[in-house]
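Worksheet for the structure shown next.
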Amino acid sequence: MLVDAAILVSGFVMIAAGIGAVLARSLLVSILLSGGVSLVASLVFLLMGAPDVAMTEAAIGSGLTTVVYLYAMARARQPDEEDADPLGDAVKGGRR
Amino acid sequence: MMRRVLVFLAVAGLAAALLPLALGTGVPEAPGALATAYLEDAPGDFGAANVVTAIVVSYRGFDTLGEVAVLFAATAGVGAFLTRKRLGIGDAEPADKPAATEILVTATGLLTGLLVMFGVYIFLHGHLTPGGGFQGGVVIATALLLGLLARPESKLSHGILSAVESLSGAAYVGMGLAGAFLAWGFLDPRVLPLGRIGSLVSAGSIPVIYSLIGLKVGAELSGILDALKGDRE
């Protein structure tokens, strides 16, 4: 009973974090929120009695994937700051 | 407007198609026939205390070999694309990378050894407790990631990484072939004595295979993180 309630609460937290990740204006917040979805998902797996899956989800889903996204975000931004052609500046200006 | 209506219709159709699936979910009272067979046979067949590991490494071992191959392909792709030349950075790396904070450096020194040990523990005990090669490998990669964050200018030795990766991959396939020739079939763990269930040296070659997977996954993920750092030649 208590476990069911905890799973329900976790489900609502996951839905809220997922919607937040889609709606967030900043990419960084989106990445962190999607990592949070995975973290809560691993809690749900643990509550359901699947510790193997929970460990995988916590390590890969919420840990490594978030790091890879963060690295990719930094990597995608770098050329913006480095190249100096006017097209790049226009794109940058349009985006911000 | 038309597009919005179409999108709405598509979403509504998808929801209607998936509705029976959502309504039919729930925790079944008893495991199905296949799950029952696994639960009953795994301790006797392979002497593995953790049935999940027995399924992943033995009953569905070929799938796991495929997963490892997919991960290898992903690593090779990332490593091939994220080189300095392709990223257009060139040799003139701007030396304005901010130094890591004192807290990160100190914590890295304390945690790296513990994390590597914990990862090794996870994959060595994969046949006894939850966890296994993939989880342990990720934990080891996390330790190396901490090192990369604390010392941005440091470089991982690609020779060691690729040696660990390829040797453990080849040994994995070798253990599978040994199962095919010495035991019942490909990846059969009964090439080594099964031992007493619950002890560290038990379950035949399952701990050996899972340790090899752990080393391979750890080396591959460390390679991905190192490539993403972006200063690979």
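Labels for the structure tokens follow display order: chains A, B, ..., residues from 1 in each chain, ligands from 1.
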* To do: Could you list the residues in chain A lying within 8 Å of chain B, using only C-alpha atoms, and format the result as a PyMOL selection string?
  => chain A and resi 51-52+55-56+59-60+64+68+71-72+75
Skip B:Ala54 itself and residues of its chain fewer than 6 positions away, then list as an mmCIF file with C-alpha atoms, in the first residue's frame all residues within 8 Å of it, counting only C-alpha atoms.
```
data_model
loop_
_atom_site.group_PDB
_atom_site.id
_atom_site.type_symbol
_atom_site.label_atom_id
_atom_site.label_comp_id
_atom_site.auth_asym_id
_atom_site.auth_seq_id
_atom_site.Cartn_x
_atom_site.Cartn_y
_atom_site.Cartn_z
ATOM 1 C CA ALA B 42 18.536 -21.058 -12.986
ATOM 2 C CA PHE B 46 24.114 -22.610 -13.497
ATOM 3 C CA ALA B 48 23.773 -18.491 -9.988
ATOM 4 C CA HIS B 127 26.112 -13.519 -10.111
ATOM 5 C CA ILE B 206 29.327 -16.318 -15.464
#
```
* Expressed in Å to a single decimal, how great is the separation between atom CA of A:Ala74 and atom CA of A:Ile31? -> 12.2 Å
* Selected residue of minimal separation from B:Val120 among B:Ala16, B:Ile103, B:Ile140, B:Leu148, counting only C-alpha atoms ->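 The answer is B:Ile140, which sits nearest to B:Val120.
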Output as a short mmCIF file (atom, residue, chain, number, x, y, z; two decimals) with C-alpha atoms, in the first residue's frame all residues of stretch 31-224 of chain B that backbone DSSP marks as helix (DSSP H, G or I).
```cif
data_model
loop_
_atom_site.label_atom_id
_atom_site.label_comp_id
_atom_site.auth_asym_id
_atom_site.auth_seq_id
_atom_site.Cartn_x
_atom_site.Cartn_y
_atom_site.Cartn_z
CA ALA B 33 5.45 -19.83 -17.69
CA LEU B 34 8.82 -18.68 -19.04
CA ALA B 35 9.63 -16.63 -15.94
CA THR B 36 8.68 -19.55 -13.71
CA ALA B 37 10.96 -21.83 -15.70
CA TYR B 38 13.86 -19.36 -15.36
CA LEU B 39 13.28 -18.91 -11.62
CA GLU B 40 13.12 -22.64 -10.99
CA ASP B 41 15.90 -23.78 -13.31
CA ALA B 42 18.54 -21.06 -12.99
CA PRO B 43 19.95 -22.05 -9.57
CA GLY B 44 20.10 -25.70 -10.59
CA ASP B 45 21.36 -25.14 -14.13
CA PHE B 46 24.11 -22.61 -13.50
CA VAL B 51 18.59 -15.15 -11.59
CA VAL B 52 18.70 -11.90 -13.58
CA THR B 53 22.41 -12.40 -14.24
CA ALA B 54 21.84 -16.02 -15.20
CA ILE B 55 19.30 -14.83 -17.78
CA VAL B 56 21.42 -11.95 -19.10
CA VAL B 57 24.69 -13.84 -19.39
CA SER B 58 23.55 -17.40 -20.12
CA TYR B 59 19.99 -17.91 -21.30
CA GLY B 61 23.83 -14.49 -23.59
CA PHE B 62 23.77 -14.04 -27.33
CA ASP B 63 21.62 -10.90 -26.94
CA THR B 64 24.16 -9.53 -24.49
CA LEU B 65 26.96 -10.16 -26.98
CA GLY B 66 24.89 -8.16 -29.48
CA GLU B 67 24.43 -5.33 -26.98
CA VAL B 68 28.16 -5.20 -26.37
CA ALA B 69 28.72 -5.10 -30.12
CA VAL B 70 26.27 -2.18 -30.46
CA LEU B 71 28.08 -0.31 -27.71
CA PHE B 72 31.39 -0.96 -29.47
CA ALA B 73 30.01 0.42 -32.73
CA ALA B 74 28.74 3.54 -30.95
CA THR B 75 32.13 4.08 -29.31
CA ALA B 76 33.96 3.62 -32.57
CA GLY B 77 31.65 6.13 -34.25
CA VAL B 78 32.05 8.74 -31.54
CA GLY B 79 35.81 8.24 -31.48
CA ALA B 80 36.08 8.56 -35.25
CA PHE B 81 34.01 11.73 -35.50
CA ARG B 84 40.38 17.67 -33.30
CA LYS B 85 40.61 17.86 -37.07
CA ARG B 86 36.95 17.13 -37.68
CA LEU B 87 35.86 19.54 -34.95
CA GLU B 102 39.68 22.77 -4.81
CA ILE B 103 36.62 20.79 -3.69
CA LEU B 104 36.47 18.82 -6.97
CA VAL B 105 40.20 18.08 -6.98
CA THR B 106 40.21 16.89 -3.37
CA ALA B 107 37.04 14.83 -3.77
CA THR B 108 38.43 13.25 -6.94
CA GLY B 109 41.56 12.17 -5.12
CA LEU B 110 39.48 10.57 -2.39
CA LEU B 111 36.79 9.03 -4.55
CA THR B 112 38.59 7.70 -7.63
CA GLY B 113 40.01 4.62 -5.94
CA LEU B 114 36.78 3.90 -4.09
CA LEU B 115 34.71 4.23 -7.26
CA VAL B 116 36.95 1.88 -9.25
CA MET B 117 36.84 -0.61 -6.39
CA PHE B 118 33.06 -0.34 -6.18
CA GLY B 119 32.72 -0.90 -9.94
CA VAL B 120 34.92 -3.99 -9.74
CA TYR B 121 32.86 -5.19 -6.78
CA ILE B 122 29.63 -4.75 -8.74
CA PHE B 123 30.76 -6.82 -11.69
CA LEU B 124 32.62 -9.45 -9.66
CA GLY B 133 29.14 -5.87 -16.02
CA PHE B 134 27.24 -2.95 -17.48
CA GLN B 135 26.57 -1.24 -14.16
CA GLY B 136 30.10 -1.85 -12.89
CA GLY B 137 31.58 -0.58 -16.14
CA VAL B 138 29.59 2.64 -15.90
CA VAL B 139 30.77 3.16 -12.31
CA ILE B 140 34.40 2.76 -13.44
CA ALA B 141 33.80 5.22 -16.27
CA THR B 142 32.40 7.65 -13.69
CA ALA B 143 35.67 7.46 -11.76
CA LEU B 144 37.61 8.33 -14.92
CA LEU B 145 35.14 11.13 -15.66
CA LEU B 146 35.87 12.65 -12.26
CA GLY B 147 39.56 12.56 -13.14
CA LEU B 148 38.90 14.28 -16.46
CA LEU B 149 36.85 16.99 -14.75
CA ALA B 150 39.40 17.62 -12.03
CA HIS B 158 44.36 5.31 -25.63
CA GLY B 159 46.73 2.38 -25.91
CA ILE B 160 45.66 0.96 -22.55
CA LEU B 161 41.98 1.68 -23.21
CA SER B 162 41.95 -0.05 -26.58
CA ALA B 163 44.05 -2.94 -25.28
CA VAL B 164 41.64 -3.56 -22.37
CA GLU B 165 38.65 -3.13 -24.66
CA SER B 166 39.76 -5.46 -27.44
CA LEU B 167 41.33 -8.11 -25.20
CA SER B 168 38.23 -8.39 -23.02
CA GLY B 169 35.97 -8.45 -26.07
CA ALA B 170 38.03 -11.23 -27.65
CA ALA B 171 38.10 -13.14 -24.37
CA TYR B 172 34.31 -12.82 -24.12
CA VAL B 173 33.86 -14.42 -27.54
CA GLY B 174 36.51 -16.97 -26.57
CA MET B 175 34.54 -17.96 -23.47
CA GLY B 176 31.47 -18.29 -25.68
CA LEU B 177 33.30 -20.55 -28.10
CA ALA B 178 34.66 -22.59 -25.18
CA GLY B 179 31.06 -23.11 -24.12
CA ALA B 180 30.18 -24.27 -27.61
CA PHE B 181 33.02 -26.80 -27.75
CA LEU B 182 33.31 -27.95 -24.13
CA ILE B 206 29.33 -16.32 -15.46
CA PRO B 207 31.53 -14.13 -13.20
CA VAL B 208 34.39 -14.37 -15.71
CA ILE B 209 32.16 -13.29 -18.59
CA TYR B 210 30.54 -10.50 -16.58
CA SER B 211 33.94 -9.21 -15.43
CA LEU B 212 35.09 -9.13 -19.06
CA ILE B 213 31.91 -7.24 -20.00
CA GLY B 214 32.56 -4.83 -17.12
CA LEU B 215 36.10 -4.09 -18.27
CA LYS B 216 34.97 -3.69 -21.86
CA VAL B 217 32.07 -1.38 -21.02
CA GLY B 218 34.23 0.66 -18.66
CA ALA B 219 36.93 1.13 -21.29
CA GLU B 220 34.41 1.99 -24.01
CA LEU B 221 32.50 4.55 -21.96
CA SER B 222 35.73 6.13 -20.75
CA GLY B 223 36.74 6.39 -24.41
CA ILE B 224 33.44 8.10 -25.27
#
```
